[in-house]
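Participant: Sharing a structure with you now.
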Amino acid sequence: MKAPIRITVTGAAGQIGYSLLFRIANGDMLGDDQPIILQLLDLPQAQQVLRGVMMELEDCAFPLLQQVIISDDPKIAFKDAEIAMLVGARPRSKGMERKDLLEANGVIFSVQGRILNEVAARHVKVLVVGNPANTNALIAMKNAPDLDPRNFSAMMRLDHNRAIAQVAQHLFQPVRDVKRMIVWGNHSGTQYPDLNHAQIRGIPVRDLLPDQNWAENEFIPTVQKRGTMVIEARGLSSAASAANAAVAHMHDWVLGAHHNNWVTMSVPSDGSYDIPEGVIYGFPVRCNQGRYQIVQNLAISELGRRHMQDSYRELLEEREHVKHLL
Ligand code: NAX
């Protein structure tokens with residue numbers, strides 16, 4: 001039997017947490033031969049709910065789940081973590097400006113970055129889900145100077161999955177056959193869902209589209225606005241689909257994405273595709289043996305380049321608001 005892996009989940013008493021924890025404990029993320037210890041963090045006022053979640057986890061009698069630790073102290077929750085899923089964040093309240101949200105969450109993620117730097121395993125892999133996810137990930141990364149920046153990422157996998165599902169439905173094709181999807185940029189309305197490289201059983205999706213305007217007129221806005229549509233319908237933001245995406249993101253990063261396919265991860269920019277260093281940006285990546293590589297040399301259309309630069313500029317604006325935390 002392998003040694004257990006310590007997985008920290010923040011915001012564990014929240015709605016995404018309630019879907020995520022049971023999937024992780026069931027082995028969906030790291031495989032059915034990997035024992036795990038869950039280290040759950042939430043605010044002091046959420047500890048009672050967290051105790052209830054812990055009881056339910058125990059009551060599932062998951063064979064892989066060796067221990068559950070709950071705490072409101074990040075130093076306890078992040079201790080020796082090898083995987084850290086930063087879900088907890090301050091929600092946007094009524095009348096709150098975007099920059100106030102950036103500031104409130106920036107403070108949370110700078111503290112958590114510092115504590116990860118202090119107490120987590122040196123090879124910890126970090127996924128930020130809490131919004132604004134890309135900028136929060138940048139803040140955490142900058143506050144953890146002793147950790148490898150490449151071990152910090154933000155979640156674009158939900159956007160990636162939404163894009164795949166839209167194409168599969170539109171063309172009446174199985175989801176599993178849609179490969180090489182990309183969502184560039186920020187996890188926000190400026191993201192650029194790009195089907196120009198996508199294939200279905202080796203055939204370019206572009207060649208299968210009956211109407212070439214569908215991508216610009218329907219596909220891109222639908223994927224960009226999907227989160228808002230879920231909120232309008234459910235009265236709550238995406239939770240099970242977000243948890244599913246978080247599981248898939250970490251699964252592929254640790255264990256490798258399917259052969260000959262790529263996935264979207266927001267990772268530190270390195271100049272690829274004219275996105276200079278200094279932001280956390282959605283790129284197509286290949287994952288292998290716990291490492292990712294940005295897929296290179298893809299042809300980008302003029303329109304695509306404009307979308308990509310718009311999203312980059314938005315990330316620069318976000319960074320400007322939190323520069324005192326970096
Ligand atoms: P909930 O409000 O249900 O849960 C958030 C939890 O975080 C609460 O239990 C709260 O007490 C806790 N929390 C707040 N500050 C904390 C801190 N400093 N330390 C530890 N815990 C803290 O939100 P939920 O629906 O679970 O969403 C969580 C975050 O995910 C939100 O920021 C949301 O916007 C974001 N999302 C990101 C997505 C993505 O694709 N990147 C998609 C889904 C989701 O919208």
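Ordering of the structure tokens sets the chain letters (A, B, ...), residue numbers begin anew at 1 in every chain, and ligands are numbered from 1 in the order given.
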As number ranges by chain, please: every residue in region 21-227 of chain A that a backbone DSSP assignment puts in helix (DSSP H, G or I).
Facilitator: A: 21-25, 44-59, 74-77, 98-119, 133-142, 149-151, 157-170, 175-177, 205-208, 214-227
Participant: For the residues in the current selection, export C-alpha atoms as a CSV table (one decimal), in the first residue's frame.
Facilitator:
```csv
chain,number,residue,atom,x,y,z
A,21,LEU,CA,-14.6,16.0,-0.6
A,22,PHE,CA,-16.6,12.9,-1.3
A,23,ARG,CA,-15.1,12.5,-4.8
A,24,ILE,CA,-11.6,12.9,-3.5
A,25,ALA,CA,-12.2,10.4,-0.6
A,44,PRO,CA,-14.3,29.7,12.8
A,45,GLN,CA,-18.0,30.3,12.2
A,46,ALA,CA,-18.1,27.4,9.8
A,47,GLN,CA,-16.6,24.8,12.2
A,48,GLN,CA,-19.9,23.3,13.3
A,49,VAL,CA,-20.9,22.7,9.7
A,50,LEU,CA,-17.4,21.3,9.0
A,51,ARG,CA,-17.9,18.8,11.9
A,52,GLY,CA,-21.0,17.6,10.2
A,53,VAL,CA,-19.2,17.2,6.9
A,54,MET,CA,-16.5,15.2,8.7
A,55,MET,CA,-19.1,12.9,10.3
A,56,GLU,CA,-20.6,12.2,6.9
A,57,LEU,CA,-17.1,11.5,5.4
A,58,GLU,CA,-16.6,9.0,8.3
A,59,ASP,CA,-20.0,7.5,7.6
A,74,PRO,CA,-4.2,27.4,8.2
A,75,LYS,CA,-1.0,26.3,9.9
A,76,ILE,CA,-2.6,23.1,10.9
A,77,ALA,CA,-4.6,22.6,7.6
A,98,ARG,CA,-14.9,44.1,-8.1
A,99,LYS,CA,-11.8,45.9,-6.7
A,100,ASP,CA,-13.2,45.4,-3.1
A,101,LEU,CA,-13.6,41.7,-3.8
A,102,LEU,CA,-10.0,41.6,-5.2
A,103,GLU,CA,-8.7,43.2,-2.1
A,104,ALA,CA,-10.7,41.1,0.4
A,105,ASN,CA,-9.7,37.9,-1.3
A,106,GLY,CA,-6.2,39.1,-1.9
A,107,VAL,CA,-5.6,39.3,1.8
A,108,ILE,CA,-6.8,35.7,2.3
A,109,PHE,CA,-4.6,34.4,-0.5
A,110,SER,CA,-1.5,36.3,0.6
A,111,VAL,CA,-1.8,34.8,4.1
A,112,GLN,CA,-2.4,31.3,2.7
A,113,GLY,CA,0.6,31.7,0.3
A,114,ARG,CA,2.8,32.6,3.2
A,115,ILE,CA,1.6,29.7,5.3
A,116,LEU,CA,2.0,27.2,2.4
A,117,ASN,CA,5.6,28.5,2.1
A,118,GLU,CA,6.1,27.8,5.8
A,119,VAL,CA,4.5,24.5,6.4
A,133,ALA,CA,-9.1,32.5,-9.2
A,134,ASN,CA,-6.2,33.6,-11.5
A,135,THR,CA,-5.2,36.7,-9.5
A,136,ASN,CA,-5.7,34.8,-6.2
A,137,ALA,CA,-3.3,32.2,-7.5
A,138,LEU,CA,-0.8,34.9,-8.5
A,139,ILE,CA,-1.0,36.3,-5.0
A,140,ALA,CA,-0.5,33.0,-3.3
A,141,MET,CA,2.4,32.1,-5.6
A,142,LYS,CA,4.2,35.5,-4.9
A,149,PRO,CA,6.0,28.9,-9.1
A,150,ARG,CA,5.1,26.1,-11.5
A,151,ASN,CA,3.3,24.4,-8.7
A,157,ARG,CA,-11.1,23.2,-16.3
A,158,LEU,CA,-14.8,24.0,-15.7
A,159,ASP,CA,-14.7,26.4,-18.7
A,160,HIS,CA,-12.8,23.8,-20.7
A,161,ASN,CA,-15.4,21.1,-19.9
A,162,ARG,CA,-18.3,23.5,-20.7
A,163,ALA,CA,-16.7,24.2,-24.0
A,164,ILE,CA,-16.4,20.5,-24.8
A,165,ALA,CA,-20.0,19.9,-23.8
A,166,GLN,CA,-21.2,22.7,-26.1
A,167,VAL,CA,-19.4,21.3,-29.1
A,168,ALA,CA,-20.5,17.7,-28.4
A,169,GLN,CA,-24.1,18.8,-28.1
A,170,HIS,CA,-24.1,21.0,-31.1
A,175,VAL,CA,-18.2,14.1,-25.3
A,176,ARG,CA,-15.3,11.7,-25.0
A,177,ASP,CA,-14.4,12.2,-28.7
A,205,VAL,CA,-14.3,20.6,-35.5
A,206,ARG,CA,-14.2,23.6,-37.8
A,207,ASP,CA,-14.7,21.2,-40.8
A,208,LEU,CA,-17.7,19.7,-39.1
A,214,TRP,CA,-21.6,29.5,-34.7
A,215,ALA,CA,-18.3,29.7,-32.9
A,216,GLU,CA,-18.3,33.5,-32.6
A,217,ASN,CA,-22.0,34.1,-32.3
A,218,GLU,CA,-23.0,31.2,-30.0
A,219,PHE,CA,-20.2,29.0,-28.7
A,220,ILE,CA,-18.0,31.7,-27.3
A,221,PRO,CA,-20.7,33.8,-25.5
A,222,THR,CA,-22.4,30.6,-24.2
A,223,VAL,CA,-19.2,29.3,-22.6
A,224,GLN,CA,-18.3,32.8,-21.2
A,225,LYS,CA,-21.7,33.2,-19.7
A,226,ARG,CA,-22.4,29.7,-18.5
A,227,GLY,CA,-21.6,30.4,-14.9
```
Participant: List as a PyMOL selection string the protein and nucleic acid residues lying within 6 Å of ligand 1, with only C-alpha atoms and all ligand atoms counted.
Facilitator: chain A and resi 10-17+41-43+46+87-91+108+129-131+133+155-156+158+237-239+242
Participant: Go ahead and compute the interatomic distance for CA of Ser153 (chain A) and CA of Asn26 (chain A), in Å to one decimal.
Facilitator: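 Answer for the CA of Ser153 (chain A) to CA of Asn26 (chain A) separation: 23.4 Å.
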Participant: Can you tell me which residues surround Ser269 (chain A) at a distance of at most 9 Å, considering only C-alpha atoms, apart from same-chain residues fewer than 4 positions away, and format the answer as a PyMOL selection string?
Facilitator: chain A and resi 275-283
Participant: Give me the residues within 9 Å of region 284-289 of chain A as an NGL selection string, counting only C-alpha atoms and dropping any in the same chain fewer than 5 places off.
Facilitator: :A and (180-184 or 252-258 or 260-266 or 294-296)
Participant: Write down as number ranges by chain the residues belonging to region 45-277 of chain A that are assigned strand (DSSP E) by DSSP computed on the backbone.
Facilitator: A: 65-71, 83-86, 125-128, 152-154, 178-179, 182-184, 192-194, 199-200, 203-204, 263-268
Participant: Go through region 176-240 of chain A and flag each residue having an atom no more than 9 Å from region 303-309 of chain A; for those, report the closest pair of atoms plus their distance in Å to one decimal, using only C-alpha atoms, ordered by chain and rising number, as JSON lines.
Facilitator:
```
{"residue": "A:Trp184", "atom": "CA", "partner": "A:Met308", "partner_atom": "CA", "distance": 6.5}
{"residue": "A:Gly185", "atom": "CA", "partner": "A:Met308", "partner_atom": "CA", "distance": 6.2}
{"residue": "A:Thr190", "atom": "CA", "partner": "A:His307", "partner_atom": "CA", "distance": 7.3}
{"residue": "A:Gln191", "atom": "CA", "partner": "A:His307", "partner_atom": "CA", "distance": 7.5}
{"residue": "A:Tyr192", "atom": "CA", "partner": "A:His307", "partner_atom": "CA", "distance": 6.0}
{"residue": "A:Asp194", "atom": "CA", "partner": "A:Gly304", "partner_atom": "CA", "distance": 7.7}
```
Participant: I need the residues from that last selection saved to file as a compact mmCIF listing (two decimals), in the first residue's frame (with N, CA and C atoms), if you can.
Facilitator:
```
# COMPACT_ATOMS: atom_id res chain seq x y z
N TRP A 184 -8.48 30.06 -23.33
CA TRP A 184 -7.35 30.94 -23.01
C TRP A 184 -7.77 32.01 -22.01
N GLY A 185 -6.80 32.42 -21.17
CA GLY A 185 -6.97 33.67 -20.43
C GLY A 185 -7.42 33.55 -19.01
N THR A 190 -13.92 37.59 -19.92
CA THR A 190 -13.00 37.87 -21.05
C THR A 190 -12.30 36.60 -21.56
N GLN A 191 -12.56 35.48 -20.93
CA GLN A 191 -11.91 34.23 -21.37
C GLN A 191 -12.21 33.98 -22.86
N TYR A 192 -11.30 33.25 -23.51
CA TYR A 192 -11.48 32.98 -24.94
C TYR A 192 -11.56 31.47 -25.19
N ASP A 194 -11.70 28.50 -27.41
CA ASP A 194 -11.12 28.42 -28.76
C ASP A 194 -11.28 26.99 -29.29
```
Participant: Could you tell me how far CA of Ile300 (chain A) lies from CA of Pro204 (chain A), in Å and to one decimal?
Facilitator: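 CA of Ile300 (chain A) sits 14.9 Å away from CA of Pro204 (chain A).
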Participant: Have a look at CA of Ala61 (chain A) and CA of Lys2 (chain A) and let me know their distance in Å, one decimal.
Facilitator: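 Here the two named atoms are 18.7 Å from each other.
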Participant: Quick one: everything within 10 Å of Ile83 (chain A), counting only C-alpha atoms, minus sequence neighbours fewer than 4 positions away in the same chain. Send it as number ranges by chain.
Facilitator: A: 5-9, 38, 78, 120-121, 123-127, 151, 250, 254
Participant: Would you pick out the contacts of Pro63 (chain A) at 10 Å or less, using only C-alpha atoms, so that residues sharing its chain but fewer than 2 positions from it are not included, and give the list as a list in words?
Facilitator: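 That gives Ala25, Asn26, Gly27, Asp32, Asp33, Gln34, Pro35, Ile36, Cys60, Ala61, Leu65 and Gln66 of chain A.
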